[in-house]
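Undergrad: One structure, pasted below without further comment.
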Amino acid sequence: YRYITTRRNDGEIVRFVGRVRESDERPISGRLFYSNGMTARINTETGMIEYSNGAVYLGDMVDFYRQGKGTLKLKNGDEYTGEFDNDVITGKGTYRFANGDIYEGDFIAGVKEGTGKYTYADGSVYEGGFSGDLRHGEGKMTWSNGDSYEGGFRFGLKNGKGLYKFSNGDSYEGDFEDDMRQGEGVYKWVSTGETYTGSFLKGNMHGYGTYTWQEGRQSYTGYFYNGKITAVDPYGN
């Protein structure tokens with residue numbers, strides 16, 4: 001038996017106790033002890049690690065680290081299949097959640113980071129950038145009710161320039177901030193043919209803009225306050 005202690009890149013200390021090959025003293029089978037209190041049984045010949053928390057790994061290894069491609073099944077029913085680096089989920093892979101959600105894409109240290117596709121159990125789908133497990137950067141979200149948004153995201157919220165299409169045909173194209181229409185944009189009502197072009201605040205027409213009705217009625221250009229026409233500048237200019 002041999003005792004081998006190493007430190008992973010994330011600072012976790014891992015100690016191996018067990019059988020090693022005589023030729024190069026690489027681990028064959030034994031126990032793993034982690035500094036966080038978790039333990040595991042490992043067999044590098046079968047590529048299996050059984051953890052004390054109920055998780056099971058089957059795949060490539062280098063010594064007693066998960067390295068290369070493999071599948072990790074968690075006790076809660078979640079399952080990841082893809083790339084590992086230095087014992088952690090890093091690279092491209094597919095994570096299937098017990099609730100039916102599925103993520104396919106990039107990971108860094110077990111976190112969704114880069115680009116990917118997230119399919120929700122209800123049929124909604126997001127494709128685009130991720131950071132810190134959240135929608136971030138450019139992407140497209142399509143909801144199961146038929147609504148869709150394509151544009152910028154910031155830490156899970158619609159942010160920047162984007163186009164939101166409602167299932168009834170209405171649309172908004174313009175600025176978003178903190179998941180709301182805010183800034184400059186154009187809102188179109190398909191059923192009435194009406195259009196508003198101008199400023200928005202917290203999802204409502206607010207500030208200066210132009211409202212156009214169907215033919216036969218003159219358009220209005222002026223000020224709006226909380227979604228309604230007003231005679232004065234709501235900002236007091």
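Residues are referred to by chain and number: the chain letter is A, B, ... according to the order shown in the structure tokens, the number counts from 1 in that chain, and ligands are numbered separately from 1 in the order shown.
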Excluding same-chain residues fewer than 6 positions from Glu138 (chain A), what lies within 9 Å of it counting only C-alpha atoms, as a list in words?

TA: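 After dropping sequence-adjacent residues, the list is Glu127, Gly128, Gly129, Phe130, Glu150, Gly151, Gly152, Phe153 and Arg154 of chain A.
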
Undergrad: Next, dump the selected residues to file, keeping only all heavy atoms, as a PDB file, in the first residue's frame.

TA:
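File written: result_35.pdb
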ATOM      1  N   GLU A 127     -30.223  29.664 -26.086  1.00  0.00           N
ATOM      2  CA  GLU A 127     -28.946  29.397 -26.746  1.00  0.00           C
ATOM      3  C   GLU A 127     -28.130  30.676 -26.775  1.00  0.00           C
ATOM      4  O   GLU A 127     -28.615  31.711 -27.236  1.00  0.00           O
ATOM      5  CB  GLU A 127     -29.154  28.892 -28.173  1.00  0.00           C
ATOM      6  CG  GLU A 127     -29.775  27.513 -28.274  1.00  0.00           C
ATOM      7  CD  GLU A 127     -29.799  26.988 -29.703  1.00  0.00           C
ATOM      8  OE1 GLU A 127     -28.717  26.618 -30.210  1.00  0.00           O
ATOM      9  OE2 GLU A 127     -30.880  26.965 -30.306  1.00  0.00           O
ATOM     10  N   GLY A 128     -26.887  30.598 -26.278  1.00  0.00           N
ATOM     11  CA  GLY A 128     -26.045  31.781 -26.294  1.00  0.00           C
ATOM     12  C   GLY A 128     -24.973  31.731 -25.238  1.00  0.00           C
ATOM     13  O   GLY A 128     -24.506  30.668 -24.832  1.00  0.00           O
ATOM     14  N   GLY A 129     -24.602  32.918 -24.753  1.00  0.00           N
ATOM     15  CA  GLY A 129     -23.517  33.043 -23.801  1.00  0.00           C
ATOM     16  C   GLY A 129     -23.937  32.776 -22.367  1.00  0.00           C
ATOM     17  O   GLY A 129     -25.093  32.999 -21.989  1.00  0.00           O
ATOM     18  N   PHE A 130     -22.970  32.289 -21.578  1.00  0.00           N
ATOM     19  CA  PHE A 130     -23.172  32.045 -20.148  1.00  0.00           C
ATOM     20  C   PHE A 130     -21.981  32.590 -19.371  1.00  0.00           C
ATOM     21  O   PHE A 130     -20.853  32.582 -19.858  1.00  0.00           O
ATOM     22  CB  PHE A 130     -23.293  30.550 -19.847  1.00  0.00           C
ATOM     23  CG  PHE A 130     -24.606  29.934 -20.226  1.00  0.00           C
ATOM     24  CD1 PHE A 130     -24.829  29.484 -21.515  1.00  0.00           C
ATOM     25  CD2 PHE A 130     -25.621  29.811 -19.295  1.00  0.00           C
ATOM     26  CE1 PHE A 130     -26.049  28.914 -21.869  1.00  0.00           C
ATOM     27  CE2 PHE A 130     -26.835  29.245 -19.636  1.00  0.00           C
ATOM     28  CZ  PHE A 130     -27.053  28.795 -20.923  1.00  0.00           C
ATOM     29  N   GLU A 150     -34.217  37.899 -28.509  1.00  0.00           N
ATOM     30  CA  GLU A 150     -32.869  37.728 -29.045  1.00  0.00           C
ATOM     31  C   GLU A 150     -32.117  39.025 -28.861  1.00  0.00           C
ATOM     32  O   GLU A 150     -32.547  40.086 -29.311  1.00  0.00           O
ATOM     33  CB  GLU A 150     -32.909  37.343 -30.518  1.00  0.00           C
ATOM     34  CG  GLU A 150     -31.536  37.006 -31.099  1.00  0.00           C
ATOM     35  CD  GLU A 150     -31.599  36.353 -32.467  1.00  0.00           C
ATOM     36  OE1 GLU A 150     -32.715  36.272 -33.031  1.00  0.00           O
ATOM     37  OE2 GLU A 150     -30.544  35.914 -32.968  1.00  0.00           O
ATOM     38  N   GLY A 151     -30.984  38.942 -28.159  1.00  0.00           N
ATOM     39  CA  GLY A 151     -30.208  40.149 -27.903  1.00  0.00           C
ATOM     40  C   GLY A 151     -29.250  39.957 -26.750  1.00  0.00           C
ATOM     41  O   GLY A 151     -28.759  38.854 -26.496  1.00  0.00           O
ATOM     42  N   GLY A 152     -29.018  41.037 -26.014  1.00  0.00           N
ATOM     43  CA  GLY A 152     -28.051  41.007 -24.931  1.00  0.00           C
ATOM     44  C   GLY A 152     -28.636  40.555 -23.603  1.00  0.00           C
ATOM     45  O   GLY A 152     -29.803  40.807 -23.300  1.00  0.00           O
ATOM     46  N   PHE A 153     -27.778  39.872 -22.818  1.00  0.00           N
ATOM     47  CA  PHE A 153     -28.125  39.472 -21.459  1.00  0.00           C
ATOM     48  C   PHE A 153     -26.993  39.908 -20.531  1.00  0.00           C
ATOM     49  O   PHE A 153     -25.829  39.965 -20.928  1.00  0.00           O
ATOM     50  CB  PHE A 153     -28.285  37.958 -21.344  1.00  0.00           C
ATOM     51  CG  PHE A 153     -29.525  37.410 -21.994  1.00  0.00           C
ATOM     52  CD1 PHE A 153     -29.544  37.097 -23.346  1.00  0.00           C
ATOM     53  CD2 PHE A 153     -30.672  37.201 -21.253  1.00  0.00           C
ATOM     54  CE1 PHE A 153     -30.681  36.581 -23.951  1.00  0.00           C
ATOM     55  CE2 PHE A 153     -31.821  36.685 -21.845  1.00  0.00           C
ATOM     56  CZ  PHE A 153     -31.822  36.382 -23.192  1.00  0.00           C
ATOM     57  N   ARG A 154     -27.356  40.192 -19.296  1.00  0.00           N
ATOM     58  CA  ARG A 154     -26.351  40.510 -18.286  1.00  0.00           C
ATOM     59  C   ARG A 154     -26.724  39.791 -16.994  1.00  0.00           C
ATOM     60  O   ARG A 154     -27.724  40.135 -16.356  1.00  0.00           O
ATOM     61  CB  ARG A 154     -26.254  42.022 -18.060  1.00  0.00           C
ATOM     62  CG  ARG A 154     -25.215  42.418 -17.016  1.00  0.00           C
ATOM     63  CD  ARG A 154     -25.091  43.935 -16.917  1.00  0.00           C
ATOM     64  NE  ARG A 154     -24.291  44.354 -15.776  1.00  0.00           N
ATOM     65  CZ  ARG A 154     -22.969  44.362 -15.749  1.00  0.00           C
ATOM     66  NH1 ARG A 154     -22.286  43.986 -16.815  1.00  0.00           N
ATOM     67  NH2 ARG A 154     -22.312  44.751 -14.668  1.00  0.00           N
TER      68      ARG A 154
END

Undergrad: Using only C-alpha atoms, which protein or nucleic acid residues come within 6 Å of region 214-222 of chain A? Drop anything in the same chain fewer than 6 positions from it, and give the result as a PDB file with C-alpha atoms, in the first residue's frame.

TA:
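Result saved to part.pdb:
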ATOM      1  CA  GLY A 193     -51.422  48.305 -36.519  1.00  0.00           C
ATOM      2  CA  GLU A 194     -50.332  50.896 -33.947  1.00  0.00           C
ATOM      3  CA  TYR A 208     -40.450  61.705 -25.629  1.00  0.00           C
TER       4      TYR A 208
END

Undergrad: CA of Met180 (chain A) and CA of Tyr118 (chain A) are how many Å apart?

TA: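 Value for the CA of Met180 (chain A)-CA of Tyr118 (chain A) distance: 21.9 Å.
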
Undergrad: Can you check which residues of region 72-180 of chain A DSSP gives as strand (DSSP E or B) on the backbone and send them as a ChimeraX atom specification?

TA: /A:72-73,79-85,88-96,102-108,111-119,125-131,134-142,148-154,157-165,171-177,180

Undergrad: Can you tell me, as a PyMOL selection string, what residues are no more than 12 Å from Gly47 (chain A) when counting only C-alpha atoms, ignoring any on the same chain fewer than 3 positions away?

TA: chain A and resi 27-29+41-44+50+56-72

Undergrad: Write the selection just made, keeping C-alpha atoms, as a compact mmCIF listing (two decimals), in the first residue's frame?

TA:
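In the end it all went to selection_4.txt:
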# COMPACT_ATOMS: atom_id res chain seq x y z
CA PRO A 27 -2.60 4.11 -8.17
CA ILE A 28 -4.60 0.97 -8.99
CA SER A 29 -7.30 0.81 -6.32
CA ARG A 41 -13.44 4.20 -3.36
CA ILE A 42 -11.41 4.20 -6.57
CA ASN A 43 -10.40 1.62 -9.16
CA THR A 44 -8.34 3.11 -11.96
CA GLU A 50 -17.69 5.79 -5.80
CA VAL A 56 -20.44 7.76 -9.00
CA TYR A 57 -17.89 8.58 -11.69
CA LEU A 58 -17.02 6.36 -14.65
CA GLY A 59 -14.46 7.49 -17.20
CA ASP A 60 -10.90 8.57 -17.93
CA MET A 61 -8.40 9.17 -15.14
CA VAL A 62 -4.83 10.23 -14.65
CA ASP A 63 -3.56 8.74 -11.40
CA PHE A 64 -6.60 9.30 -9.13
CA TYR A 65 -7.85 12.48 -10.83
CA ARG A 66 -10.78 12.60 -13.25
CA GLN A 67 -9.10 13.67 -16.46
CA GLY A 68 -10.47 13.44 -20.02
CA LYS A 69 -14.01 12.27 -20.70
CA GLY A 70 -16.41 10.65 -18.28
CA THR A 71 -19.84 10.49 -16.69
CA LEU A 72 -20.66 11.68 -13.19

Undergrad: Env of His206 (chain A): 12 Å cut, atoms = only C-alpha atoms, seq-sep filter 3 positions within chain, self excluded. Answer as a VMD selection string.

TA: chain A and resid 181 to 185 196 to 203 209 to 211 222 to 230 232 to 235

Undergrad: Include N, CA, C and O atoms and write out the residues we just selected as a short mmCIF file (atom, residue, chain, number, x, y, z; two decimals), in the first residue's frame.

TA:
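Generated output (part_25.cif):
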data_model
loop_
_atom_site.label_atom_id
_atom_site.label_comp_id
_atom_site.auth_asym_id
_atom_site.auth_seq_id
_atom_site.Cartn_x
_atom_site.Cartn_y
_atom_site.Cartn_z
N ARG A 181 -38.03 46.86 -20.65
CA ARG A 181 -37.85 47.83 -21.74
C ARG A 181 -37.46 49.16 -21.10
O ARG A 181 -38.24 49.75 -20.35
N GLN A 182 -36.26 49.61 -21.42
CA GLN A 182 -35.80 50.88 -20.83
C GLN A 182 -34.74 51.49 -21.74
O GLN A 182 -33.75 50.86 -22.07
N GLY A 183 -35.01 52.74 -22.16
CA GLY A 183 -34.14 53.42 -23.10
C GLY A 183 -34.95 53.81 -24.33
O GLY A 183 -36.09 54.26 -24.22
N GLU A 184 -34.38 53.59 -25.50
CA GLU A 184 -35.06 53.91 -26.76
C GLU A 184 -35.47 52.63 -27.48
O GLU A 184 -34.71 51.65 -27.50
N GLY A 185 -36.70 52.67 -28.06
CA GLY A 185 -37.14 51.48 -28.76
C GLY A 185 -38.41 51.68 -29.56
O GLY A 185 -38.99 52.78 -29.57
N TYR A 196 -45.40 52.60 -31.46
CA TYR A 196 -44.79 53.66 -30.63
C TYR A 196 -43.29 53.61 -30.81
O TYR A 196 -42.65 52.55 -30.70
N THR A 197 -42.69 54.77 -31.09
CA THR A 197 -41.25 54.90 -31.24
C THR A 197 -40.77 55.99 -30.31
O THR A 197 -41.20 57.15 -30.41
N GLY A 198 -39.93 55.64 -29.37
CA GLY A 198 -39.45 56.65 -28.43
C GLY A 198 -38.84 56.06 -27.18
O GLY A 198 -38.28 54.96 -27.19
N SER A 199 -39.00 56.80 -26.06
CA SER A 199 -38.37 56.44 -24.80
C SER A 199 -39.25 55.52 -23.96
O SER A 199 -40.48 55.64 -23.97
N PHE A 200 -38.58 54.63 -23.21
CA PHE A 200 -39.25 53.72 -22.30
C PHE A 200 -38.59 53.80 -20.93
O PHE A 200 -37.39 54.07 -20.82
N LEU A 201 -39.40 53.54 -19.91
CA LEU A 201 -38.88 53.47 -18.55
C LEU A 201 -39.64 52.37 -17.80
O LEU A 201 -40.87 52.40 -17.73
N LYS A 202 -38.91 51.40 -17.29
CA LYS A 202 -39.49 50.29 -16.54
C LYS A 202 -40.65 49.62 -17.30
O LYS A 202 -41.69 49.32 -16.73
N GLY A 203 -40.44 49.45 -18.61
CA GLY A 203 -41.40 48.73 -19.43
C GLY A 203 -42.50 49.56 -20.04
O GLY A 203 -43.26 49.07 -20.89
N GLY A 209 -41.68 60.67 -27.46
CA GLY A 209 -41.86 59.65 -28.48
C GLY A 209 -42.99 59.97 -29.44
O GLY A 209 -43.67 61.00 -29.32
N THR A 210 -43.17 59.08 -30.38
CA THR A 210 -44.23 59.22 -31.40
C THR A 210 -45.12 57.99 -31.39
O THR A 210 -44.63 56.86 -31.48
N TYR A 211 -46.44 58.22 -31.30
CA TYR A 211 -47.42 57.14 -31.32
C TYR A 211 -48.21 57.26 -32.62
O TYR A 211 -48.80 58.29 -32.91
N GLY A 222 -44.80 63.69 -28.88
CA GLY A 222 -44.70 64.51 -27.67
C GLY A 222 -44.28 63.69 -26.48
O GLY A 222 -43.54 62.72 -26.62
N TYR A 223 -44.81 64.07 -25.31
CA TYR A 223 -44.37 63.45 -24.07
C TYR A 223 -45.34 62.36 -23.59
O TYR A 223 -46.55 62.42 -23.82
N PHE A 224 -44.74 61.38 -22.90
CA PHE A 224 -45.49 60.28 -22.29
C PHE A 224 -45.05 60.14 -20.84
O PHE A 224 -43.89 60.39 -20.50
N TYR A 225 -46.02 59.74 -20.01
CA TYR A 225 -45.71 59.51 -18.60
C TYR A 225 -46.32 58.18 -18.16
O TYR A 225 -47.55 58.02 -18.18
N ASN A 226 -45.48 57.23 -17.80
CA ASN A 226 -45.92 55.94 -17.30
C ASN A 226 -46.95 55.29 -18.23
O ASN A 226 -47.97 54.75 -17.79
N GLY A 227 -46.69 55.37 -19.54
CA GLY A 227 -47.54 54.71 -20.52
C GLY A 227 -48.66 55.55 -21.09
O GLY A 227 -49.40 55.09 -21.97
N LYS A 228 -48.82 56.80 -20.61
CA LYS A 228 -49.91 57.64 -21.08
C LYS A 228 -49.41 58.97 -21.62
O LYS A 228 -48.36 59.47 -21.19
N ILE A 229 -50.16 59.55 -22.57
CA ILE A 229 -49.81 60.85 -23.13
C ILE A 229 -49.93 61.92 -22.05
O ILE A 229 -50.87 61.93 -21.26
N THR A 230 -48.96 62.81 -22.00
CA THR A 230 -48.98 63.91 -21.04
C THR A 230 -48.54 65.19 -21.74
O THR A 230 -47.84 65.16 -22.76
N VAL A 232 -46.69 67.58 -20.37
CA VAL A 232 -45.42 68.12 -19.88
C VAL A 232 -44.36 67.04 -19.90
O VAL A 232 -44.64 65.85 -19.83
N ASP A 233 -43.13 67.48 -19.96
CA ASP A 233 -41.98 66.57 -19.94
C ASP A 233 -41.91 65.91 -18.56
O ASP A 233 -41.76 66.60 -17.55
N PRO A 234 -42.00 64.58 -18.48
CA PRO A 234 -41.97 63.91 -17.18
C PRO A 234 -40.65 64.06 -16.45
O PRO A 234 -40.55 63.86 -15.24
N TYR A 235 -39.60 64.47 -17.19
CA TYR A 235 -38.29 64.66 -16.57
C TYR A 235 -38.05 66.12 -16.17
O TYR A 235 -37.00 66.46 -15.67
#

Undergrad: Point out the residue among A:Thr142, A:Ala98, A:Glu22, A:Thr90 with the least atom-to-atom distance to Asp78 (chain A), counting only C-alpha atoms.

TA: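 For Asp78 (chain A), the nearest of the candidates is A:Ala98.
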